[in-house]
Structures are given as C-alpha cells and as structure tokens.
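Dumped protein_29.txt below, it's compact mmCIF, C-alpha atoms:
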```
# COMPACT_ATOMS: atom_id res chain seq x y z
CA MET I 1208 -26.08 3.58 12.81
CA PRO I 1209 -25.27 7.21 11.85
CA SER I 1210 -25.39 8.20 8.22
CA ALA I 1211 -22.27 9.06 6.24
CA GLU I 1212 -23.35 12.71 6.27
CA VAL I 1213 -23.70 12.78 10.06
CA ILE I 1214 -20.24 11.25 10.40
CA ARG I 1215 -18.83 13.82 7.97
CA ARG I 1216 -20.25 16.63 10.12
CA ALA I 1217 -19.02 15.12 13.38
CA PRO I 1218 -15.71 16.38 14.80
CA LYS I 1219 -12.94 13.85 14.22
CA LEU I 1220 -9.26 13.18 14.79
CA VAL I 1221 -6.65 11.32 12.80
CA LEU I 1222 -3.42 9.95 14.26
CA HIS I 1223 -2.00 7.97 11.32
CA ASP I 1224 -1.97 9.89 8.03
CA HIS I 1225 1.05 9.91 5.70
CA LEU I 1226 1.78 13.20 3.97
CA ASP I 1227 3.22 11.53 0.87
CA GLY I 1228 0.21 9.20 0.70
CA GLY I 1229 -2.38 11.96 0.67
CA LEU I 1230 -1.63 14.31 -2.22
CA ARG I 1231 -4.49 15.69 -4.26
CA PRO I 1232 -4.33 14.09 -7.75
CA THR I 1233 -4.35 17.53 -9.37
CA THR I 1234 -1.44 18.61 -7.19
CA LEU I 1235 0.50 15.47 -8.05
CA VAL I 1236 0.08 16.21 -11.78
CA GLU I 1237 1.08 19.86 -11.37
CA LEU I 1238 4.11 19.11 -9.21
CA ALA I 1239 5.25 16.38 -11.62
CA GLN I 1240 5.11 18.84 -14.49
CA ALA I 1241 7.03 21.46 -12.50
CA ALA I 1242 9.69 18.93 -11.47
CA GLY I 1243 10.01 17.37 -14.92
CA TYR I 1244 8.93 13.99 -13.59
CA THR I 1245 7.54 11.87 -16.43
CA GLY I 1246 6.79 8.63 -14.60
CA LEU I 1247 3.12 9.21 -13.80
CA PRO I 1248 0.81 6.58 -15.32
CA SER I 1249 -1.52 9.41 -16.44
CA THR I 1250 -1.61 13.20 -16.38
CA ASP I 1251 -5.39 13.23 -16.09
CA PRO I 1252 -6.07 13.60 -12.34
CA ASP I 1253 -9.05 11.23 -12.24
CA ALA I 1254 -7.31 8.58 -14.31
CA LEU I 1255 -4.15 9.01 -12.24
CA ALA I 1256 -6.00 8.49 -8.97
CA ALA I 1257 -7.76 5.41 -10.34
CA SER I 1258 -4.48 3.97 -11.61
CA ILE I 1259 -2.75 4.47 -8.27
CA ARG I 1260 -5.63 2.90 -6.38
CA ARG I 1261 -5.60 -0.13 -8.66
CA SER I 1262 -1.86 -0.50 -8.19
CA VAL I 1263 -2.00 -0.61 -4.38
CA ALA I 1264 -4.73 -3.24 -4.09
CA THR I 1265 -2.19 -6.00 -4.51
CA GLY I 1266 -2.38 -7.97 -1.28
CA SER I 1267 1.23 -7.08 -0.42
CA LEU I 1268 2.68 -4.31 1.77
CA GLU I 1269 5.88 -4.26 -0.27
CA ARG I 1270 3.98 -3.82 -3.57
CA TYR I 1271 1.69 -1.24 -1.94
CA LEU I 1272 4.72 0.86 -1.05
CA THR I 1273 5.89 1.07 -4.67
CA ALA I 1274 3.08 3.56 -5.38
CA PHE I 1275 5.02 6.12 -3.34
CA THR I 1276 7.59 6.32 -6.13
CA HIS I 1277 5.37 8.92 -7.80
CA THR I 1278 4.61 11.08 -4.78
CA VAL I 1279 8.13 11.05 -3.36
CA ALA I 1280 9.50 12.05 -6.77
CA VAL I 1281 7.62 15.36 -6.66
CA LEU I 1282 8.37 16.17 -3.00
CA GLN I 1283 12.01 17.14 -3.41
CA ARG I 1284 11.58 20.91 -3.18
CA ALA I 1285 10.64 23.04 -0.20
CA ALA I 1286 7.79 24.80 -2.01
CA ALA I 1287 6.22 21.47 -2.97
CA LEU I 1288 6.44 20.17 0.59
CA GLU I 1289 4.89 23.31 2.03
CA ARG I 1290 2.08 23.23 -0.53
CA VAL I 1291 1.24 19.59 0.09
CA ALA I 1292 1.31 20.07 3.87
CA TYR I 1293 -1.01 23.06 3.62
CA GLU I 1294 -3.41 21.19 1.35
CA CYS I 1295 -3.37 18.22 3.70
CA VAL I 1296 -4.69 20.42 6.52
CA ALA I 1297 -7.24 22.09 4.23
CA ASP I 1298 -8.57 18.71 3.10
CA HIS I 1299 -8.85 17.45 6.66
CA ALA I 1300 -10.67 20.64 7.68
CA ALA I 1301 -13.19 20.14 4.87
CA ASP I 1302 -13.76 16.62 6.20
CA GLY I 1303 -14.54 17.77 9.75
CA VAL I 1304 -11.19 16.88 11.27
CA ALA I 1305 -10.32 18.98 14.31
CA TYR I 1306 -6.90 17.49 15.09
CA ALA I 1307 -4.47 15.73 12.79
CA GLU I 1308 -1.12 14.08 13.35
CA VAL I 1309 0.49 13.89 9.93
CA ARG I 1310 3.65 11.87 9.39
CA MET I 1311 6.45 11.98 6.86
CA ALA I 1312 10.01 10.76 6.35
CA PRO I 1313 12.26 13.76 5.63
CA GLU I 1314 15.06 11.53 4.33
CA LEU I 1315 12.87 10.64 1.34
CA CYS I 1316 12.91 14.31 0.30
CA THR I 1317 16.68 14.83 0.04
CA ALA I 1318 17.40 13.52 -3.47
CA GLU I 1319 17.78 17.01 -4.93
CA GLY I 1320 19.75 18.61 -2.12
CA LEU I 1321 17.28 19.36 0.67
CA THR I 1322 18.58 18.56 4.13
CA LEU I 1323 16.44 16.81 6.73
CA ASP I 1324 16.00 20.12 8.51
CA ALA I 1325 15.02 21.98 5.35
CA ALA I 1326 12.41 19.34 4.54
CA LEU I 1327 10.97 19.53 8.05
CA GLU I 1328 10.97 23.32 8.02
CA ALA I 1329 8.94 23.36 4.80
CA VAL I 1330 6.41 20.79 6.00
CA LEU I 1331 5.95 22.49 9.35
CA ALA I 1332 5.45 25.85 7.62
CA GLY I 1333 2.66 24.32 5.51
CA LEU I 1334 1.02 22.64 8.50
CA ASP I 1335 1.18 25.87 10.48
CA ARG I 1336 -0.32 27.94 7.66
CA GLY I 1337 -3.06 25.37 7.20
CA SER I 1338 -3.80 25.29 10.92
CA ARG I 1339 -4.07 29.08 11.15
CA THR I 1340 -6.20 29.32 8.02
CA HIS I 1341 -8.58 26.44 8.66
CA GLY I 1342 -8.73 26.10 12.42
CA VAL I 1343 -7.34 22.58 12.54
CA SER I 1344 -4.64 21.65 15.04
CA ALA I 1345 -2.05 19.85 12.87
CA ARG I 1346 1.13 18.30 14.26
CA LEU I 1347 3.95 16.29 12.70
CA ILE I 1348 5.31 12.81 13.39
CA VAL I 1349 8.73 12.24 11.87
CA CYS I 1350 9.37 8.82 10.35
CA GLY I 1351 12.70 7.13 9.89
CA MET I 1352 12.79 4.56 7.10
CA ARG I 1353 13.70 1.27 8.71
CA GLU I 1354 15.39 -0.12 5.58
CA ARG I 1355 17.61 2.90 4.79
CA GLY I 1356 19.89 3.21 7.83
CA ARG I 1357 19.17 6.84 8.78
CA THR I 1358 16.66 6.44 11.60
CA LEU I 1359 19.02 7.96 14.17
CA ASP I 1360 19.51 11.02 11.93
CA ALA I 1361 15.73 11.31 11.59
CA ALA I 1362 15.20 11.08 15.35
CA GLN I 1363 17.80 13.76 16.00
CA ALA I 1364 16.19 16.04 13.41
CA ALA I 1365 12.76 15.42 14.92
CA VAL I 1366 13.99 16.52 18.33
CA ARG I 1367 15.49 19.69 16.85
CA TRP I 1368 12.04 20.70 15.56
CA ARG I 1369 10.02 19.70 18.63
CA GLU I 1370 9.28 23.30 19.54
CA ARG I 1371 7.93 23.98 16.03
CA GLY I 1372 5.27 21.28 15.85
CA VAL I 1373 6.95 17.85 15.81
CA VAL I 1374 5.25 15.70 18.44
CA GLY I 1375 6.34 12.15 17.67
CA PHE I 1376 8.79 9.73 16.12
CA ASP I 1377 8.07 6.57 14.13
CA ILE I 1378 9.73 4.09 11.82
CA ALA I 1379 8.04 3.11 8.58
CA GLY I 1380 8.76 1.06 5.47
CA PRO I 1381 8.76 -2.71 4.95
CA GLU I 1382 8.52 -4.60 8.24
CA ALA I 1383 9.75 -8.03 7.16
CA GLY I 1384 13.50 -8.25 7.73
CA PHE I 1385 13.71 -4.84 9.43
CA PRO I 1386 12.78 -5.39 13.09
CA PRO I 1387 12.09 -2.41 15.37
CA GLU I 1388 14.75 -3.41 17.88
CA ALA I 1389 17.45 -2.56 15.32
CA HIS I 1390 16.46 1.08 15.92
CA ARG I 1391 16.59 1.22 19.71
CA GLU I 1392 19.02 4.14 19.74
CA ALA I 1393 16.82 6.27 17.51
CA PHE I 1394 13.86 5.70 19.82
CA ARG I 1395 15.99 6.47 22.88
CA VAL I 1396 17.02 9.80 21.36
CA ALA I 1397 13.41 10.63 20.46
CA ARG I 1398 12.11 9.67 23.91
CA ASP I 1399 14.83 11.64 25.72
CA GLY I 1400 14.01 14.58 23.46
CA GLY I 1401 10.41 14.66 24.66
CA LEU I 1402 8.70 13.07 21.64
CA GLY I 1403 5.88 10.54 21.62
CA LEU I 1404 6.81 7.14 20.22
CA THR I 1405 4.81 5.13 17.72
CA VAL I 1406 6.00 2.24 15.56
CA HIS I 1407 4.68 0.66 12.38
CA ALA I 1408 4.31 -2.93 13.59
CA GLY I 1409 1.91 -5.83 13.34
CA GLU I 1410 0.99 -5.05 9.74
CA GLY I 1411 3.54 -6.54 7.35
CA ALA I 1412 5.04 -8.67 10.13
CA GLY I 1413 3.49 -10.38 13.12
CA LEU I 1414 4.05 -10.77 16.84
CA SER I 1415 7.84 -10.45 16.74
CA SER I 1416 7.46 -6.99 15.22
CA LEU I 1417 4.95 -5.98 17.88
CA ARG I 1418 7.12 -7.36 20.65
CA GLY I 1419 10.14 -5.41 19.41
CA ALA I 1420 8.13 -2.21 19.14
CA LEU I 1421 6.70 -2.45 22.63
CA LEU I 1422 9.44 -4.07 24.67
CA ASP I 1423 12.61 -2.93 22.89
CA CYS I 1424 11.62 0.49 21.55
CA GLY I 1425 9.13 1.62 24.20
CA ALA I 1426 6.32 2.36 21.75
CA GLU I 1427 3.44 4.25 23.33
CA ARG I 1428 1.21 3.60 20.31
CA ILE I 1429 1.33 1.07 17.50
CA GLY I 1430 0.85 1.95 13.85
CA HIS I 1431 -1.65 -0.64 12.56
CA GLY I 1432 -0.95 -3.39 15.10
CA VAL I 1433 -3.85 -5.56 13.99
CA ARG I 1434 -1.81 -8.74 13.91
CA ILE I 1435 -2.02 -8.74 17.68
CA THR I 1436 -4.96 -11.02 16.87
CA ASP I 1437 -2.32 -13.72 16.18
CA ASP I 1438 -1.97 -13.83 19.98
CA ILE I 1439 -5.70 -14.25 20.68
CA ALA I 1440 -6.99 -17.82 20.78
CA ASP I 1441 -10.44 -18.48 19.34
CA THR I 1442 -11.92 -19.88 22.55
CA GLN I 1443 -15.03 -18.98 24.53
CA PRO I 1444 -14.22 -16.51 25.93
CA PRO I 1445 -11.18 -15.63 23.77
CA THR I 1446 -7.83 -16.31 25.41
CA PHE I 1447 -5.06 -13.70 25.29
CA GLY I 1448 -1.42 -14.61 24.98
CA ASP I 1449 1.15 -12.65 26.96
CA LEU I 1450 1.60 -9.95 24.32
CA ALA I 1451 -2.09 -9.48 23.59
CA GLY I 1452 -2.72 -9.37 27.33
CA LEU I 1453 -0.09 -6.66 27.71
CA VAL I 1454 -1.56 -4.53 24.92
CA HIS I 1455 -5.07 -4.97 26.29
CA GLU I 1456 -4.19 -4.32 29.94
CA ARG I 1457 -2.03 -1.28 29.22
CA ARG I 1458 -4.59 0.13 26.77
CA VAL I 1459 -1.90 0.61 24.13
CA PRO I 1460 -3.56 2.62 21.33
CA LEU I 1461 -3.67 0.86 17.97
CA GLU I 1462 -3.70 3.17 14.95
CA VAL I 1463 -5.97 1.03 12.78
CA CYS I 1464 -6.29 1.80 9.05
CA PRO I 1465 -8.92 -0.63 7.70
CA THR I 1466 -9.04 0.09 3.95
CA SER I 1467 -5.26 0.19 3.64
CA ASN I 1468 -5.11 -3.15 5.45
CA VAL I 1469 -7.60 -4.61 2.98
CA HIS I 1470 -5.40 -3.42 0.12
CA ILE I 1471 -2.34 -5.22 1.46
CA GLY I 1472 -4.27 -8.41 2.07
CA LEU I 1473 -4.73 -8.38 5.84
CA ALA I 1474 -8.48 -8.74 5.35
CA GLY I 1475 -10.77 -9.49 2.46
CA SER I 1476 -13.00 -6.50 3.23
CA VAL I 1477 -13.60 -3.96 5.96
CA ALA I 1478 -16.33 -6.24 7.31
CA GLU I 1479 -13.71 -8.99 7.75
CA HIS I 1480 -11.11 -6.67 9.26
CA PRO I 1481 -9.74 -7.44 12.77
CA PHE I 1482 -11.09 -4.08 13.94
CA GLY I 1483 -14.38 -5.78 14.77
CA LEU I 1484 -12.81 -8.36 17.06
CA LEU I 1485 -10.43 -5.89 18.69
CA HIS I 1486 -13.19 -3.36 19.32
CA ARG I 1487 -15.50 -6.01 20.73
CA LEU I 1488 -12.80 -7.28 23.10
CA GLY I 1489 -12.07 -3.81 24.42
CA PHE I 1490 -8.71 -3.06 22.82
CA ASN I 1491 -7.88 0.62 22.49
CA VAL I 1492 -8.47 1.10 18.77
CA THR I 1493 -8.53 4.31 16.75
CA VAL I 1494 -9.63 4.70 13.13
CA ASN I 1495 -7.24 6.27 10.64
CA THR I 1496 -6.63 6.82 6.94
CA ASP I 1497 -3.00 5.76 6.38
CA ASN I 1498 -2.82 7.02 2.78
CA ARG I 1499 -5.76 9.03 1.50
CA LEU I 1500 -4.67 9.13 -2.15
CA MET I 1501 -3.52 5.54 -2.39
CA SER I 1502 -6.57 4.05 -0.70
CA GLY I 1503 -9.13 6.61 -1.85
CA VAL I 1504 -10.34 7.41 1.67
CA THR I 1505 -10.99 10.24 4.09
CA VAL I 1506 -11.29 10.12 7.86
CA SER I 1507 -15.07 10.30 7.45
CA SER I 1508 -15.21 7.48 4.93
CA GLU I 1509 -13.09 5.21 7.13
CA VAL I 1510 -15.20 5.92 10.21
CA ALA I 1511 -18.38 5.40 8.17
CA ALA I 1512 -17.01 2.13 6.79
CA VAL I 1513 -16.32 0.64 10.23
CA ALA I 1514 -19.60 1.99 11.60
CA ALA I 1515 -21.51 0.25 8.80
CA ALA I 1516 -19.48 -2.96 8.99
CA PHE I 1517 -19.73 -3.36 12.75
CA ASP I 1518 -23.05 -1.64 13.49
CA LEU I 1519 -21.63 1.19 15.57
CA ASP I 1520 -24.00 3.87 16.80
CA LEU I 1521 -23.01 7.52 17.14
CA ALA I 1522 -22.06 7.04 20.79
CA ALA I 1523 -19.55 4.38 19.73
CA VAL I 1524 -18.20 6.69 17.01
CA GLU I 1525 -17.81 9.43 19.61
CA ALA I 1526 -15.97 7.01 21.90
CA LEU I 1527 -13.50 6.24 19.10
CA GLN I 1528 -12.77 9.95 18.70
CA VAL I 1529 -12.32 10.40 22.45
CA ALA I 1530 -9.90 7.45 22.41
CA ALA I 1531 -7.93 9.18 19.66
CA ALA I 1532 -7.81 12.41 21.66
CA ASP I 1533 -6.59 10.55 24.74
CA ALA I 1534 -3.89 8.88 22.61
CA ALA I 1535 -2.73 12.03 20.82
CA PHE I 1536 0.81 13.26 21.33
CA ALA I 1537 -0.45 16.79 21.98
CA PRO I 1538 0.01 18.36 25.43
CA VAL I 1539 -2.51 17.18 28.01
CA GLU I 1540 -4.22 20.57 28.05
CA GLU I 1541 -4.95 20.33 24.34
CA ARG I 1542 -6.21 16.77 24.68
CA HIS I 1543 -8.65 17.91 27.35
CA ARG I 1544 -9.71 20.86 25.19
CA LEU I 1545 -10.41 18.57 22.26
CA ILE I 1546 -12.56 16.28 24.37
CA ASP I 1547 -14.41 18.89 26.43
CA ASP I 1548 -14.74 21.77 23.96
CA VAL I 1549 -14.79 20.06 20.56
CA LEU I 1550 -15.85 16.42 20.69
CA ARG I 1551 -18.45 16.44 23.46
CA PRO I 1552 -20.41 19.50 22.24
CA GLY I 1553 -19.93 18.53 18.59
CA PHE I 1554 -21.47 15.10 19.07
CA ALA I 1555 -24.14 16.46 21.42
CA ALA I 1556 -25.26 18.79 18.64
CA LEU I 1557 -25.78 15.72 16.42
CA ALA I 1558 -27.83 13.87 19.07
CA PRO I 1559 -31.18 14.31 17.26
CA GLU I 1560 -29.60 12.67 14.22
CA ARG I 1561 -28.07 9.65 15.94
CA ALA I 1562 -30.17 7.22 13.93
```

Would you mind writing the file out in structure tokens?
Amino acid sequence: MPSAEVIRRAPKLVLHDHLDGGLRPTTLVELAQAAGYTGLPSTDPDALAASIRRSVATGSLERYLTAFTHTVAVLQRAAALERVAYECVADHAADGVAYAEVRMAPELCTAEGLTLDAALEAVLAGLDRGSRTHGVSARLIVCGMRERGRTLDAAQAAVRWRERGVVGFDIAGPEAGFPPEAHREAFRVARDGGLGLTVHAGEGAGLSSLRGALLDCGAERIGHGVRITDDIADTQPPTFGDLAGLVHERRVPLEVCPTSNVHIGLAGSVAEHPFGLLHRLGFNVTVNTDNRLMSGVTVSSEVAAVAAAFDLDLAAVEALQVAAADAAFAPVEERHRLIDDVLRPGFAALAPERA
C-alpha cells in the first residue's frame, strides 16, 4: 500500500468538487468581513473549520447542506467568486491534481444582483487564471438546484459559456422529493448544447433516483451513486438487479466521495463504505472530494483513505486515476494527454516507492 506522501506526489484528477464547499477558512472569514456577514460560528479560521466539520457530521444529507449557508452568503460578488475559483485551482495544484472538474450553482450567487452569466463569468475567470498560473487543467460543471425551479435557466446559461470552460451540467440539492426526471428539459438543453451530463443521485435517495438519472435524464456519470448497492443481492457470487447490471455493463462512472458519505450516514466509516464492494465487483468508480472544507479532505487524503481501507497498491491507485481521465468531460485529445503524458509517466516515476 503506498504511503500518504507517495499518493500526494502522484498525479491525480477530481471530477466531483463543489466550489462553495471548498473555501479556505481564512478566505471565508475575510469574505464574510468584507460582505458584512455576521453569521459565522467563529472568526478564527481554525475554530471556524472545526465548527463547520462538526456541523456536517450529522448523518443527514439535508442537515449537511445547511453548512453551505455560510459559504453561499459570501459568494454574492464577482470578485469573491473569482478569488475562490482561483484559490480552488491553487489548492488542487498544491495537492498534485493535474485535472479538476469543479462544480457550482450560479443561481445561488444572485441574491445581491449578479446574473447567472455574471456569476459564471467570474468563476471561469478565476479557474482560467488558476490554470494558467499553476498548470492545472480546471473546467466547470454548472449545477441547477433541483428544489428551486431554475434548472432550465442554469442549463441554458451553461451552454452559453461552453466555449469558455463549462464542460458539464448537473443537478444538486436534496434528492428526496426532487426526482431527476422532473428536470428532463434542462438535461435535453444541456445535451443538445454539447455538455456532459452528470446527476447527483443514489446518495440521499435510492434506486428510483438512479433510475431517473440514467433512463430519464441520460446521465453519462452519476454523482455519488453508491446506493446502487441496493440493487446487488448478497449471494455468492453477488447477483445484480436490472439497474445495477446496466450500470456495471455500461461502465457508468460513479463519482464516489467516501468521507462526505460517511458524514451523511451512508457508512459508519470509510472502511465500511460501499466503495470496497463496488471496486471489488468491477464497477467504474472514481474517488472525489465533494466538499473539501466541509469534510476536511483533499484529493490525496481521500485516495489515501480508500487505499488504506481496501488495501489498494499503487497500480490500483493509478487505475482509479486513469478511470477518472476516461470519464472526464474534457475533449478526447485532452483525456489521452492526461493518461499518456501525465498519469503514466507520473506513476512510473513513483515505481520504486510502490510499497
């Protein structure tokens, strides 16, 4: 099993990383002061981070999402969005990430007058500046909030910015009571506009959510998706239901975020997380952060956690990164470049340290 330091030095990708869930604590304090927001539980960055991380470990997706009240409150100005996007790329670069798909919901940043387009313009400017400065390829996935009724607006805005770095469309927010199929038109617009499709499903809700994402919305990837295990019978060998069989046969990429899933109660620990079963059965799993601030993680720490929990060697870690590159919404030429020019030589250079 590779050490945490070897994993940190290895080239990595992330496909599921929320911009408003990854602020630096110091930045959150500074932006709150600039915006006049007084709702933070502490203005000491370390105490603030600890307080947020305690608040999300509740065993409930809905309660987990309340922590975003603080970050969304300070992301209502273009300068704040650009800064946070730039710092997101810088932090990923310091963690050895070569390619990042960051996601955000522009409609959450309109309370003080920003339009969807202005919010996207600011975020994309920050991602672009971070990419040029730090050598990380950073792209944007636009989220519509499934409970707010503006997913079609979000999809249309995402398509307008496709040539500036938007590569995908998603819906986020509470799953229970807000099925993916209610947003078919938004996904049609995004697909026709040339965007990749991913859907938060199989996290807060079960197989019905996954079915709607795949069959009604045409999802090419699934955000989280770990409740596909509800369709796997504990037999010898395990028996797949129709939906699990479809996901397995089609190699649908699952954007798995272990620590976040532990915090919402999907598993008691990373060692008990469905990742182990899904990986062992050959599902197409990738390892992601979800919300770096809320869950106190990095890409390296999440990869190290699953490597330790499931006894993965460096070759298995490399395979996870190749799977992420194959699943990325980047153009095929960039996916090949990541695999052939970044991942393969990067992991080969670590070969003497595989133990």

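Closest to His1470 of chain I among I:Phe1385, I:Phe1447, I:Tyr1293, I:Tyr1271 is I:Tyr1271, based on all atoms listed in the file.
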
Contact check, segment 1382-1483 of chain I to segment 1521-1541 of chain I, at most 10 Å, counting only C-alpha atoms, closest pairs as JSON lines:
```
{"residue": "I:Leu1402", "atom": "CA", "partner": "I:Phe1536", "partner_atom": "CA", "distance": 7.9}
{"residue": "I:Gly1403", "atom": "CA", "partner": "I:Phe1536", "partner_atom": "CA", "distance": 5.8}
{"residue": "I:Leu1404", "atom": "CA", "partner": "I:Phe1536", "partner_atom": "CA", "distance": 8.6}
{"residue": "I:Thr1405", "atom": "CA", "partner": "I:Phe1536", "partner_atom": "CA", "distance": 9.8}
{"residue": "I:Glu1427", "atom": "CA", "partner": "I:Ala1534", "partner_atom": "CA", "distance": 8.7}
{"residue": "I:Arg1428", "atom": "CA", "partner": "I:Ala1534", "partner_atom": "CA", "distance": 7.7}
{"residue": "I:Arg1458", "atom": "CA", "partner": "I:Ala1534", "partner_atom": "CA", "distance": 9.7}
{"residue": "I:Val1459", "atom": "CA", "partner": "I:Ala1534", "partner_atom": "CA", "distance": 8.6}
{"residue": "I:Pro1460", "atom": "CA", "partner": "I:Ala1534", "partner_atom": "CA", "distance": 6.4}
{"residue": "I:Leu1461", "atom": "CA", "partner": "I:Ala1534", "partner_atom": "CA", "distance": 9.3}
{"residue": "I:Glu1462", "atom": "CA", "partner": "I:Ala1531", "partner_atom": "CA", "distance": 8.7}
```

For this session: Write out as a PyMOL selection string the residues lying within 12 Å of segment 1241-1257 of chain I, counting all atoms listed in the file and excluding same-chain residues fewer than 3 positions away.
Result: chain I and resi 1228-1238+1260-1264+1274-1284+1286-1287+1319+1499-1504

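Considering the residues I:Thr1358, I:Thr1273, I:Thr1446, I:Thr1340 and counting all atoms listed in the file, Arg1391 of chain I has its shortest atom-to-atom contact with I:Thr1358.
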
Problem set entry | Nearest candidate to His1299 of chain I (options I:Ala1365, I:Ala1426, I:Ala1393, I:Val1506; using only C-alpha atoms) | I:Val1506

Exercise. Could you state the separation of atom CA of Ala1285 of chain I and atom CA of Leu1359 of chain I in Å, given to one decimal place?
Worked result: 22.5 Å
